[in-house]
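Peer 1: Got a structure for you, coords-v7.cif, holding mmCIF, C-alpha atoms and all ligand atoms.
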data_structure
#
loop_
_atom_site.label_atom_id
_atom_site.label_comp_id
_atom_site.auth_asym_id
_atom_site.auth_seq_id
_atom_site.Cartn_x
_atom_site.Cartn_y
_atom_site.Cartn_z
CA MET B 1 20.52 0.00 19.82
CA LEU B 2 16.95 1.29 20.04
CA GLU B 3 14.30 -1.45 19.87
CA LEU B 4 11.13 -0.29 18.16
CA ARG B 5 7.88 -1.59 16.72
CA VAL B 6 5.78 0.06 14.03
CA PRO B 7 1.99 -0.15 13.51
CA GLY B 8 0.64 -3.14 11.60
CA ASP B 9 0.93 -3.29 7.82
CA LYS B 10 -1.77 -1.19 6.20
CA SER B 11 -2.01 -3.26 3.01
CA ILE B 12 -2.24 -6.56 4.90
CA ALA B 13 -4.75 -5.12 7.40
CA HIS B 14 -7.26 -4.11 4.68
CA ARG B 15 -7.08 -7.65 3.32
CA HIS B 16 -7.44 -9.36 6.71
CA LEU B 17 -10.58 -7.35 7.41
CA ILE B 18 -12.11 -8.26 4.05
CA GLY B 19 -10.95 -11.90 4.26
CA SER B 20 -12.40 -12.36 7.76
CA GLY B 21 -15.80 -11.25 6.45
CA LEU B 22 -15.66 -13.99 3.79
CA ALA B 23 -14.50 -16.78 6.14
CA ARG B 24 -16.77 -19.40 7.70
CA GLY B 25 -16.40 -18.81 11.45
CA ARG B 26 -14.99 -16.31 13.92
CA SER B 27 -11.72 -14.57 13.09
CA MET B 28 -9.50 -12.80 15.60
CA LEU B 29 -7.37 -10.02 14.11
CA ARG B 30 -4.61 -8.51 16.25
CA GLY B 31 -2.18 -5.76 15.39
CA LEU B 32 -4.40 -3.85 12.95
CA PRO B 33 -3.02 -0.31 12.65
CA PRO B 34 -5.38 2.44 13.86
CA SER B 35 -4.59 4.34 10.66
CA ALA B 36 -7.25 6.38 8.89
CA ASP B 37 -7.06 4.22 5.73
CA VAL B 38 -7.65 0.93 7.55
CA MET B 39 -10.43 2.50 9.63
CA ALA B 40 -12.09 3.53 6.34
CA THR B 41 -12.15 -0.13 5.27
CA LEU B 42 -13.50 -1.32 8.64
CA ARG B 43 -16.24 1.34 8.60
CA ALA B 44 -17.17 0.50 5.00
CA LEU B 45 -17.35 -3.23 5.69
CA ARG B 46 -19.58 -2.60 8.71
CA GLU B 47 -21.89 -0.55 6.47
CA LEU B 48 -22.03 -3.56 4.16
CA GLY B 49 -23.02 -5.95 6.96
CA LEU B 50 -19.76 -7.04 8.63
CA GLU B 51 -20.15 -7.90 12.32
CA ALA B 52 -16.89 -6.79 13.94
CA ILE B 53 -16.36 -6.29 17.67
CA GLY B 54 -13.50 -4.10 18.91
CA GLY B 55 -11.25 -1.71 17.07
CA ALA B 56 -7.59 -1.08 16.27
CA PRO B 57 -5.09 -1.07 17.86
CA GLY B 58 -6.94 -3.56 20.12
CA PRO B 59 -8.07 -6.92 18.73
CA VAL B 60 -11.00 -7.09 16.33
CA GLU B 61 -13.25 -10.14 16.36
CA VAL B 62 -15.17 -10.76 13.16
CA LYS B 63 -18.14 -13.09 12.77
CA GLY B 64 -17.98 -14.60 9.30
CA PRO B 65 -19.31 -15.03 6.81
CA ALA B 66 -20.96 -11.62 6.85
CA SER B 67 -24.56 -11.27 5.65
CA TRP B 68 -23.62 -8.74 3.02
CA ASN B 69 -26.21 -6.07 2.25
CA ASP B 70 -26.46 -3.23 -0.28
CA ALA B 71 -25.13 0.02 1.20
CA PRO B 72 -27.99 2.36 2.05
CA ALA B 73 -25.81 5.50 1.65
CA PRO B 74 -22.57 6.29 -0.23
CA ILE B 75 -19.52 4.64 1.30
CA HIS B 76 -16.82 7.16 2.10
CA CYS B 77 -13.41 5.66 1.41
CA ALA B 78 -11.70 8.83 2.72
CA ASN B 79 -8.09 9.01 1.39
CA SER B 80 -7.75 5.27 0.80
CA GLY B 81 -7.28 4.01 -2.77
CA THR B 82 -6.98 0.46 -1.48
CA THR B 83 -10.40 0.70 0.19
CA ALA B 84 -12.11 2.04 -2.94
CA ARG B 85 -10.51 -0.33 -5.43
CA LEU B 86 -10.70 -3.52 -3.35
CA LEU B 87 -14.32 -2.83 -2.38
CA ALA B 88 -15.24 -2.30 -6.03
CA GLY B 89 -14.04 -5.86 -6.70
CA LEU B 90 -15.63 -7.31 -3.57
CA LEU B 91 -19.04 -5.75 -4.34
CA ALA B 92 -18.86 -6.82 -7.99
CA GLY B 93 -18.22 -10.42 -6.93
CA LEU B 94 -20.88 -10.46 -4.23
CA GLY B 95 -23.42 -8.85 -6.58
CA ARG B 96 -24.12 -6.17 -3.97
CA SER B 97 -24.70 -2.52 -4.67
CA ALA B 98 -23.02 0.56 -3.24
CA GLU B 99 -21.79 3.96 -4.26
CA LEU B 100 -18.09 4.40 -3.48
CA ASP B 101 -16.74 7.88 -2.88
CA GLY B 102 -13.65 9.47 -1.37
CA ASP B 103 -12.00 12.69 -0.31
CA GLU B 104 -10.77 15.33 -2.75
CA SER B 105 -7.44 13.55 -3.32
CA LEU B 106 -9.04 10.14 -3.91
CA ARG B 107 -11.59 11.70 -6.29
CA ARG B 108 -8.66 12.73 -8.51
CA ARG B 109 -7.21 9.20 -8.76
CA PRO B 110 -7.88 6.89 -11.74
CA MET B 111 -10.51 4.19 -11.34
CA ASP B 112 -10.63 2.84 -14.94
CA ARG B 113 -7.90 0.39 -14.08
CA VAL B 114 -10.38 -1.58 -11.92
CA VAL B 115 -13.67 -0.58 -13.53
CA TYR B 116 -12.78 -1.82 -17.08
CA PRO B 117 -11.64 -5.34 -16.19
CA LEU B 118 -14.51 -5.76 -13.71
CA GLN B 119 -16.92 -4.74 -16.49
CA ALA B 120 -15.17 -7.26 -18.75
CA MET B 121 -16.07 -9.92 -16.15
CA GLY B 122 -19.72 -8.85 -16.46
CA ALA B 123 -19.97 -6.66 -13.36
CA ARG B 124 -22.10 -3.53 -13.57
CA LEU B 125 -20.24 -0.40 -12.53
CA ARG B 126 -20.79 3.16 -13.63
CA TYR B 127 -19.41 6.59 -12.97
CA VAL B 128 -21.76 8.89 -11.11
CA GLY B 129 -19.88 12.10 -11.98
CA SER B 130 -16.68 12.50 -14.04
CA ARG B 131 -15.56 9.58 -16.23
CA GLY B 132 -12.79 7.52 -14.73
CA ARG B 133 -13.11 9.04 -11.25
CA LEU B 134 -15.00 8.46 -8.00
CA PRO B 135 -17.82 8.39 -7.15
CA ILE B 136 -18.69 5.08 -8.79
CA LEU B 137 -21.84 3.06 -8.43
CA VAL B 138 -21.56 -0.72 -8.27
CA GLU B 139 -24.99 -1.95 -9.32
CA PRO B 140 -26.66 -5.12 -8.03
CA ARG B 141 -26.33 -8.22 -10.15
CA ALA B 142 -28.86 -11.02 -10.33
CA SER B 143 -27.48 -14.37 -9.19
CA GLY B 144 -25.26 -16.23 -11.60
CA SER B 145 -21.58 -16.09 -12.08
CA LEU B 146 -19.39 -13.45 -13.62
CA ARG B 147 -17.45 -14.34 -16.79
CA SER B 148 -13.99 -15.80 -16.48
CA LEU B 149 -11.13 -13.46 -17.39
CA ARG B 150 -7.53 -13.74 -18.57
CA TYR B 151 -5.90 -10.40 -18.04
CA ARG B 152 -2.63 -8.53 -18.54
CA PRO B 153 -3.01 -5.24 -16.64
CA ARG B 154 -1.67 -2.14 -18.37
CA VAL B 155 -0.34 -0.82 -15.06
CA SER B 156 1.31 -3.09 -12.58
CA SER B 157 -0.91 -2.63 -9.53
CA ALA B 158 -1.67 -4.75 -6.48
CA GLN B 159 -5.00 -2.97 -6.06
CA VAL B 160 -6.10 -3.99 -9.57
CA LYS B 161 -5.04 -7.61 -9.09
CA SER B 162 -6.71 -7.73 -5.69
CA ALA B 163 -9.99 -6.23 -6.90
CA LEU B 164 -10.21 -8.82 -9.68
CA LEU B 165 -9.26 -11.65 -7.38
CA LEU B 166 -11.87 -10.65 -4.78
CA ALA B 167 -14.50 -10.51 -7.53
CA ALA B 168 -13.41 -13.93 -8.82
CA VAL B 169 -13.24 -15.68 -5.44
CA THR B 170 -16.56 -14.32 -4.14
CA SER B 171 -18.36 -15.26 -7.38
CA ARG B 172 -16.33 -18.45 -7.94
CA THR B 173 -15.22 -17.37 -11.41
CA GLU B 174 -11.97 -18.47 -13.04
CA LEU B 175 -9.31 -15.76 -13.30
CA GLU B 176 -5.80 -15.63 -14.70
CA ILE B 177 -3.56 -12.57 -14.42
CA ARG B 178 -0.12 -12.04 -15.90
CA ASP B 179 1.56 -8.94 -14.55
CA ARG B 180 4.80 -7.66 -16.08
CA GLY B 181 5.89 -6.27 -12.73
CA GLU B 182 5.92 -7.59 -9.20
CA PRO B 183 3.29 -5.68 -7.23
CA ARG B 184 2.61 -6.78 -3.66
CA ASP B 185 0.93 -10.20 -3.48
CA HIS B 186 -0.78 -10.02 -0.07
CA THR B 187 -4.26 -10.89 -1.40
CA GLU B 188 -3.00 -14.04 -3.14
CA ARG B 189 -1.09 -15.17 -0.06
CA LEU B 190 -4.00 -14.52 2.27
CA LEU B 191 -6.69 -16.21 0.17
CA LYS B 192 -4.45 -19.23 -0.43
CA HIS B 193 -3.76 -19.42 3.33
CA MET B 194 -7.54 -19.39 3.89
CA GLY B 195 -8.07 -22.29 1.46
CA ALA B 196 -8.84 -20.75 -1.96
CA PRO B 197 -7.58 -22.80 -4.95
CA LEU B 198 -4.93 -20.40 -6.14
CA SER B 199 -1.63 -20.94 -7.89
CA PHE B 200 0.94 -18.22 -8.44
CA SER B 201 4.56 -17.80 -9.35
CA THR B 202 7.11 -15.09 -10.03
CA GLY B 203 9.72 -15.30 -12.77
CA PRO B 204 11.69 -13.09 -15.15
CA GLU B 205 8.44 -12.23 -16.97
CA GLY B 206 6.77 -10.94 -13.82
CA GLN B 207 3.95 -12.47 -11.80
CA TRP B 208 1.45 -15.13 -12.86
CA MET B 209 -1.67 -15.96 -10.89
CA HIS B 210 -4.47 -18.45 -11.54
CA PHE B 211 -7.68 -18.95 -9.57
CA ASP B 212 -9.55 -22.10 -10.64
CA PRO B 213 -12.74 -22.73 -8.65
CA SER B 214 -13.69 -26.04 -10.30
CA GLY B 215 -14.31 -28.60 -7.56
CA TRP B 216 -13.92 -26.02 -4.76
CA ASP B 217 -16.66 -25.83 -2.11
CA GLY B 218 -16.16 -22.06 -1.68
CA LYS B 219 -15.19 -22.31 1.99
CA LEU B 220 -12.54 -19.99 3.42
CA ARG B 221 -11.01 -20.69 6.85
CA PRO B 222 -11.20 -17.97 9.52
CA LEU B 223 -8.11 -16.06 10.62
CA ASP B 224 -6.33 -15.88 13.95
CA THR B 225 -3.49 -13.50 13.20
CA LEU B 226 -1.12 -10.78 14.30
CA VAL B 227 -0.64 -8.34 11.44
CA PRO B 228 3.13 -7.82 10.94
CA GLY B 229 4.59 -4.32 11.32
CA ASP B 230 4.43 -2.16 8.19
CA VAL B 231 7.78 -2.16 6.38
CA SER B 232 6.67 1.02 4.55
CA SER B 233 6.27 2.79 7.93
CA ALA B 234 9.52 1.28 9.19
CA ALA B 235 11.27 2.74 6.12
CA PHE B 236 11.09 6.29 7.55
CA LEU B 237 12.68 5.23 10.84
CA ILE B 238 15.32 3.15 9.03
CA ALA B 239 16.13 6.22 6.91
CA GLY B 240 16.38 8.33 10.10
CA ALA B 241 18.89 5.83 11.51
CA VAL B 242 21.10 5.62 8.40
CA LEU B 243 21.09 9.42 8.06
CA GLY B 244 22.76 9.77 11.46
CA GLY B 245 20.09 8.96 14.04
CA HIS B 246 20.22 6.20 16.65
CA SER B 247 20.88 2.65 15.50
CA VAL B 248 17.54 0.81 15.46
CA ARG B 249 16.20 -2.69 15.56
CA ILE B 250 12.58 -2.79 14.39
CA ARG B 251 10.85 -5.96 15.57
CA ASN B 252 8.24 -8.06 13.80
CA VAL B 253 8.13 -6.33 10.42
CA GLY B 254 6.56 -7.84 7.28
CA LEU B 255 9.36 -8.93 4.92
CA ASN B 256 7.34 -10.01 1.90
CA PRO B 257 9.83 -9.78 -1.02
CA THR B 258 7.33 -7.72 -3.04
CA ARG B 259 7.77 -5.00 -0.38
CA THR B 260 11.50 -5.00 0.39
CA GLY B 261 12.97 -3.23 -2.66
CA PHE B 262 13.76 -0.29 -0.34
CA LEU B 263 16.14 -2.40 1.79
CA GLU B 264 17.93 -3.60 -1.35
CA ILE B 265 18.45 -0.01 -2.57
CA LEU B 266 19.77 1.00 0.85
CA ASN B 267 22.29 -1.82 0.70
CA ALA B 268 23.31 -0.73 -2.80
CA MET B 269 23.87 2.79 -1.35
CA GLY B 270 26.31 1.27 1.14
CA ALA B 271 24.06 1.61 4.20
CA SER B 272 24.41 -0.81 7.13
CA VAL B 273 20.98 -2.36 7.01
CA GLY B 274 20.03 -6.00 7.49
CA SER B 275 17.06 -8.19 8.25
CA VAL B 276 16.59 -11.53 10.00
CA ALA B 277 13.57 -13.71 9.32
CA THR B 278 11.76 -14.79 12.49
CA GLY B 279 8.64 -16.57 11.23
CA GLU B 280 5.44 -16.32 9.24
CA ALA B 281 1.97 -14.83 9.77
CA ALA B 282 -0.93 -15.94 7.54
CA GLY B 283 1.42 -16.74 4.66
CA GLU B 284 3.53 -13.60 5.11
CA PRO B 285 7.25 -13.70 6.04
CA VAL B 286 8.07 -11.68 9.17
CA GLY B 287 11.37 -10.59 10.75
CA ASP B 288 13.46 -7.92 12.46
CA VAL B 289 15.29 -5.13 10.63
CA GLU B 290 18.43 -3.40 11.90
CA ALA B 291 19.88 -0.13 10.62
CA LEU B 292 23.02 1.78 11.64
CA PRO B 293 24.19 5.29 10.73
CA GLY B 294 26.79 5.67 7.95
CA THR B 295 27.68 7.43 4.73
CA LEU B 296 25.59 6.86 1.62
CA GLY B 297 26.40 6.63 -2.07
CA PRO B 298 23.90 7.40 -4.85
CA PHE B 299 21.45 4.93 -6.41
CA ARG B 300 19.85 4.39 -9.77
CA PHE B 301 16.84 2.23 -10.53
CA ASP B 302 14.13 1.77 -13.13
CA GLY B 303 10.62 0.35 -13.52
CA THR B 304 11.68 -3.24 -12.93
CA VAL B 305 12.04 -2.62 -9.20
CA VAL B 306 9.50 0.21 -8.78
CA PRO B 307 6.44 -1.91 -7.78
CA ARG B 308 8.53 -3.42 -4.95
CA LEU B 309 9.30 0.02 -3.45
CA ILE B 310 6.50 2.16 -4.86
CA ASP B 311 5.57 3.74 -1.50
CA GLU B 312 9.19 4.28 -0.47
CA ILE B 313 10.12 6.66 -3.31
CA PRO B 314 9.49 9.82 -1.24
CA ILE B 315 11.91 8.69 1.47
CA LEU B 316 14.38 7.44 -1.16
CA ALA B 317 14.30 10.93 -2.71
CA VAL B 318 15.20 12.39 0.69
CA LEU B 319 18.02 9.86 1.12
CA ALA B 320 19.28 10.79 -2.37
CA ALA B 321 19.33 14.46 -1.31
CA ARG B 322 21.83 13.55 1.45
CA ALA B 323 23.87 10.93 -0.49
CA GLU B 324 27.25 11.62 -2.14
CA GLY B 325 26.61 11.94 -5.87
CA THR B 326 23.64 11.99 -8.23
CA SER B 327 20.81 9.47 -7.90
CA GLU B 328 18.22 8.64 -10.53
CA ILE B 329 14.70 7.23 -10.25
CA ARG B 330 13.12 6.07 -13.55
CA GLY B 331 10.01 4.10 -14.52
CA ALA B 332 8.01 5.67 -11.69
CA GLY B 333 5.28 7.53 -13.65
CA GLU B 334 2.68 5.83 -11.41
CA LEU B 335 3.77 8.21 -8.67
CA ARG B 336 1.76 10.92 -10.38
CA HIS B 337 -1.44 9.01 -9.44
CA LYS B 338 -0.83 8.51 -5.73
CA GLU B 339 -2.25 10.57 -2.85
CA SER B 340 -0.59 13.50 -4.64
CA ASP B 341 1.50 13.88 -7.80
CA ARG B 342 4.52 12.74 -5.85
CA LEU B 343 7.07 13.40 -8.61
CA ALA B 344 5.96 17.01 -8.98
CA LEU B 345 5.76 17.69 -5.24
CA LEU B 346 9.07 15.96 -4.44
CA ALA B 347 10.84 17.99 -7.12
CA ALA B 348 9.19 21.27 -6.10
CA ASN B 349 9.88 20.80 -2.40
CA LEU B 350 13.46 19.56 -2.76
CA GLY B 351 14.14 22.47 -5.13
CA ALA B 352 12.62 24.98 -2.71
CA LEU B 353 14.88 23.67 0.07
CA GLY B 354 17.99 24.13 -2.08
CA VAL B 355 18.55 20.59 -3.41
CA GLU B 356 19.29 20.21 -7.15
CA CYS B 357 16.44 18.05 -8.38
CA GLU B 358 15.31 17.54 -11.96
CA GLU B 359 11.76 16.35 -12.54
CA LEU B 360 11.60 13.77 -15.36
CA GLU B 361 8.42 12.48 -16.94
CA ASP B 362 8.79 9.15 -15.15
CA GLY B 363 11.17 9.96 -12.32
CA LEU B 364 13.65 12.29 -10.65
CA ARG B 365 17.35 13.09 -10.84
CA ILE B 366 18.66 14.30 -7.50
CA ARG B 367 22.12 15.61 -6.63
CA GLY B 368 23.05 14.95 -3.02
CA THR B 369 24.29 17.83 -0.87
CA ARG B 370 25.68 18.37 2.64
CA ALA B 371 24.41 21.97 2.65
CA VAL B 372 22.09 23.19 5.38
CA LEU B 373 18.52 22.97 4.03
CA ARG B 374 15.88 25.48 5.03
CA GLY B 375 12.34 26.26 3.96
CA GLY B 376 8.73 25.15 4.03
CA VAL B 377 7.31 21.95 2.53
CA ARG B 378 3.91 21.66 0.82
CA THR B 379 2.69 18.10 1.27
CA GLY B 380 -0.66 18.38 -0.54
CA GLY B 381 -1.97 16.40 2.47
CA ASP B 382 0.12 13.39 1.37
CA HIS B 383 1.18 11.33 4.42
CA ARG B 384 4.30 9.87 2.83
CA LEU B 385 5.60 13.31 1.81
CA ALA B 386 5.02 14.60 5.35
CA MET B 387 7.00 11.70 6.84
CA ALA B 388 9.82 11.83 4.26
CA PHE B 389 10.39 15.57 4.78
CA GLY B 390 9.83 15.05 8.51
CA VAL B 391 13.00 12.90 8.53
CA LEU B 392 14.87 15.60 6.61
CA SER B 393 13.66 18.26 9.06
CA ARG B 394 15.50 16.50 11.91
CA LEU B 395 18.96 16.41 10.30
CA PRO B 396 21.62 18.60 11.90
CA GLY B 397 21.39 22.19 10.72
CA CYS B 398 18.23 21.67 8.62
CA ARG B 399 15.23 23.87 9.30
CA VAL B 400 12.26 22.44 7.42
CA GLY B 401 8.61 23.24 8.19
CA ILE B 402 5.85 20.79 7.16
CA ASP B 403 2.47 22.33 6.27
CA ALA B 404 0.21 19.44 7.37
CA PRO B 405 2.05 17.24 9.90
CA GLU B 406 -1.20 15.64 11.07
CA CYS B 407 -1.73 13.82 7.74
CA VAL B 408 0.73 11.10 8.85
CA ALA B 409 -2.28 9.49 10.60
CA VAL B 410 -3.41 8.16 7.20
CA SER B 411 -0.86 5.35 7.62
CA PHE B 412 1.29 5.92 10.73
CA PRO B 413 -0.41 7.46 13.77
CA GLY B 414 2.35 8.08 16.34
CA PHE B 415 4.95 8.76 13.64
CA TRP B 416 6.26 12.00 15.18
CA GLU B 417 6.77 10.36 18.59
CA ALA B 418 8.60 7.42 16.96
CA LEU B 419 10.79 9.86 15.00
CA ASP B 420 11.60 11.75 18.24
CA ARG B 421 13.23 8.56 19.50
CA VAL B 422 15.31 7.87 16.38
CA LEU B 423 16.21 11.46 15.44
CA PRO B 424 15.50 13.76 18.40
CA LYS B 425 14.79 17.42 17.62
CA GLU B 426 17.81 19.70 17.95
CA SER B 427 17.42 21.90 21.01
C1 LIG E 1 -1.42 -0.91 -2.25
C2 LIG E 1 -0.88 -1.00 -3.50
C3 LIG E 1 -0.01 0.02 -4.09
C4 LIG E 1 0.49 1.00 -3.03
C5 LIG E 1 -0.58 1.43 -2.09
C6 LIG E 1 -1.17 0.23 -1.37
C7 LIG E 1 -2.27 -2.03 -1.76
O1 LIG E 1 -0.76 0.76 -5.04
O2 LIG E 1 1.10 2.11 -3.64
O3 LIG E 1 -0.07 2.33 -1.12
O4 LIG E 1 -2.53 -2.13 -0.55
O5 LIG E 1 -2.69 -2.83 -2.61
P1 LIG E 1 -0.97 0.24 -6.53
O6 LIG E 1 -1.85 -0.94 -6.52
O7 LIG E 1 -1.59 1.39 -7.25
O8 LIG E 1 0.41 -0.05 -7.03
#
Any chance you could put this one into structure tokens?

Peer 2:
Amino acid sequence: MLELRVPGDKSIAHRHLIGSGLARGRSMLRGLPPSADVMATLRALRELGLEAIGGAPGPVEVKGPASWNDAPAPIHCANSGTTARLLAGLLAGLGRSAELDGDESLRRRPMDRVVYPLQAMGARLRYVGSRGRLPILVEPRASGSLRSLRYRPRVSSAQVKSALLLAAVTSRTELEIRDRGEPRDHTERLLKHMGAPLSFSTGPEGQWMHFDPSGWDGKLRPLDTLVPGDVSSAAFLIAGAVLGGHSVRIRNVGLNPTRTGFLEILNAMGASVGSVATGEAAGEPVGDVEALPGTLGPFRFDGTVVPRLIDEIPILAVLAARAEGTSEIRGAGELRHKESDRLALLAANLGALGVECEELEDGLRIRGTRAVLRGGVRTGGDHRLAMAFGVLSRLPGCRVGIDAPECVAVSFPGFWEALDRVLPKES
């Protein structure tokens, strides 16, 4: 059994960096991934006044609370939707001003989902160029609170919830959100761990969250944490193992239930995959995951589970291509607004390699095959497509070329070396 570790969780890392800048005192953050997305957040926060010593993968020491300033020049969020959307909320709450921009892919992604509710709270945001897209300008706000908000987001999105919560906590404004789905709840867990007066619950009607600042002194405790390994990065190595690679045990992975839908689908496919809880880090459950090779049946899921495996759909599509039978993904229209239109590119690439794949408006229907797959893959610079097809490229007899292998650094620098260990290249 191969013992592996994966880089720290990207979603949690963004939030620890932001949280440490809001805390009273010195925070010590270990295990931040040196991924391009997280580095975009660290760079942006430094431009806004964060004092941070060190850099990932080494420890980062943050002196909080930061003396936040307006950004003198546009902040470049690179490829990172989480950076752009969470910073929009943070700036709105702090009343600071900055222009937020991103790369070509991020400039195509929708921003209304955070801009509208922030405006409803009284924040001043406006589009600099095209409506609904970056760049956006968050304008300064004179002192005084934002307006309280009760909100039911149209799309179930952790970035939306987190942007609103950061605006609410930094301006001490009441906020209630009811979300039909179950998007990742890292921001809620972290801020509660740091001392914010937050209540939340999950039930058959989705998630409920309430921030009530009455009687709160506004103090957040500093962090001394090790960011757990990223279960979304681990997913590619787990898939490599179940598709015939080495058996793996991946140590110290985040096992937040809003992120583990992938493991449940693997179990439903008949894969030998299991996890053992080992502890907690800043309110997040952590554990080890084991995966063994075996045969796989098809799966079928809809929008009820999608938020809990949203980033794992590319690798699930690859698993479906090698499973016995026809798999179906529904309720996943949000995939068209990720780093690429993932439904369109998954269908086009699987089809080009010889897999029967039907593109649906909100999903994919994929017929598994044992045939040898050959051809080139167009990733559109999307890291998760590069890694998903990277796993496929290592299966016996498959000859698959990836057009932009370097884009994996957006979330998982060192991915190709890790994959070499689980699924070595055929000689
Ligand atoms: C993220 C939330 C998800 C996810 C993204 C990271 C986060 O996006 O797909 O990779 O860190 O909050 P949505 O909020 O759009 O669902």

Peer 1: Kindly provide, as JSON, numbers by chain, all nucleotide and amino acid residues lying within 9 Å of ligand LIG 1 (chain E), counting all atoms listed in the file.

Peer 2: {"B": [10, 11, 12, 13, 14, 15, 80, 81, 82, 83, 85, 86, 155, 156, 157, 158, 159, 160, 161, 162, 183, 184, 185, 186, 187, 232, 307, 309, 310, 311, 312, 334, 335, 337, 338, 339]}

Peer 1: Kindly give the distance, in Å, that separates atom CA of B:Gly95 and atom CA of B:Trp216, rounded to a single decimal.

Peer 2: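 So the two atoms, atom CA of B:Gly95 and atom CA of B:Trp216, lie 19.7 Å apart.
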
Peer 1: Build an axis-aligned box that encloses every atom of stretch 222-226 of chain B listed in the file, pad it by 6 Å on each side, and report its centre and edge lengths in Å to one decimal, as AutoDock Vina command-line options.

Peer 2:
--center_x -6.2 --center_y -14.4 --center_z 11.9 --size_x 22.1 --size_y 19.2 --size_z 16.8

Peer 1: Quick one: distance from atom CA of B:Pro285 to atom CA of B:Val273 in Å, one decimal?

Peer 2: 17.8 Å

Peer 1: With a distance cut-off of 9 Å and all atoms listed in the file, select the neighbouring residues of B:Ile238, excluding the residue or stretch itself and same-chain residues fewer than 3 positions from it, and output the selection as a JSON list (two decimals) with C-alpha atoms, in the frame of the given file.

Peer 2:
[["chain", "number", "residue", "atom", "x", "y", "z"],
["B", 234, "ALA", "CA", 9.52, 1.28, 9.19],
["B", 235, "ALA", "CA", 11.27, 2.74, 6.12],
["B", 241, "ALA", "CA", 18.89, 5.83, 11.51],
["B", 242, "VAL", "CA", 21.10, 5.62, 8.40],
["B", 243, "LEU", "CA", 21.09, 9.42, 8.06],
["B", 247, "SER", "CA", 20.88, 2.65, 15.50],
["B", 248, "VAL", "CA", 17.54, 0.81, 15.46],
["B", 249, "ARG", "CA", 16.20, -2.69, 15.56],
["B", 250, "ILE", "CA", 12.58, -2.79, 14.39],
["B", 273, "VAL", "CA", 20.98, -2.36, 7.01],
["B", 289, "VAL", "CA", 15.29, -5.13, 10.63],
["B", 290, "GLU", "CA", 18.43, -3.40, 11.90],
["B", 291, "ALA", "CA", 19.88, -0.13, 10.62],
["B", 292, "LEU", "CA", 23.02, 1.78, 11.64],
["B", 422, "VAL", "CA", 15.31, 7.87, 16.38]]

Peer 1: Within 12 Å of B:Gly54, counting all atoms listed in the file, which residues qualify if same-chain residues fewer than 5 places away don't, as JSON, numbers by chain?

Peer 2: {"B": [28, 29, 30, 31, 32, 34, 39, 42, 43, 46, 59, 60, 61, 62, 63]}

Peer 1: Identify, on the basis of only C-alpha atoms, every residue whose closest approach to stretch 366-383 of chain B does not exceed 7 Å; exclude the query and any residue fewer than 5 positions from it along the same chain; express the result as an MDAnalysis selection string.

Peer 2: chainID B and resid 320:328 339:340 349 352:358 397:404 407:408 410

Peer 1: Counting all atoms listed in the file, what are the residues of stretch 101-129 of chain B within 12 Å of stretch 147-152 of chain B, and for each of them which pair of atoms is the nearest and at what distance in Å, to one decimal? Sort the table by chain and rising number, as CSV.

Peer 2:
residue,atom,partner,partner_atom,distance
B:Arg113,CA,B:Arg152,CA,11.3
B:Val114,CA,B:Tyr151,CA,11.6
B:Tyr116,CA,B:Tyr151,CA,11.0
B:Pro117,CA,B:Tyr151,CA,7.9
B:Leu118,CA,B:Leu149,CA,9.2
B:Gln119,CA,B:Arg147,CA,9.6
B:Ala120,CA,B:Leu149,CA,7.5
B:Met121,CA,B:Arg147,CA,4.7
B:Gly122,CA,B:Arg147,CA,5.9
B:Ala123,CA,B:Arg147,CA,8.8

Peer 1: What is the atom CA of B:Arg24-atom CA of B:Pro72 distance in Å, reported with one decimal?

Peer 2: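 Interatomic distance, atom CA of B:Arg24 to atom CA of B:Pro72: 25.1 Å.
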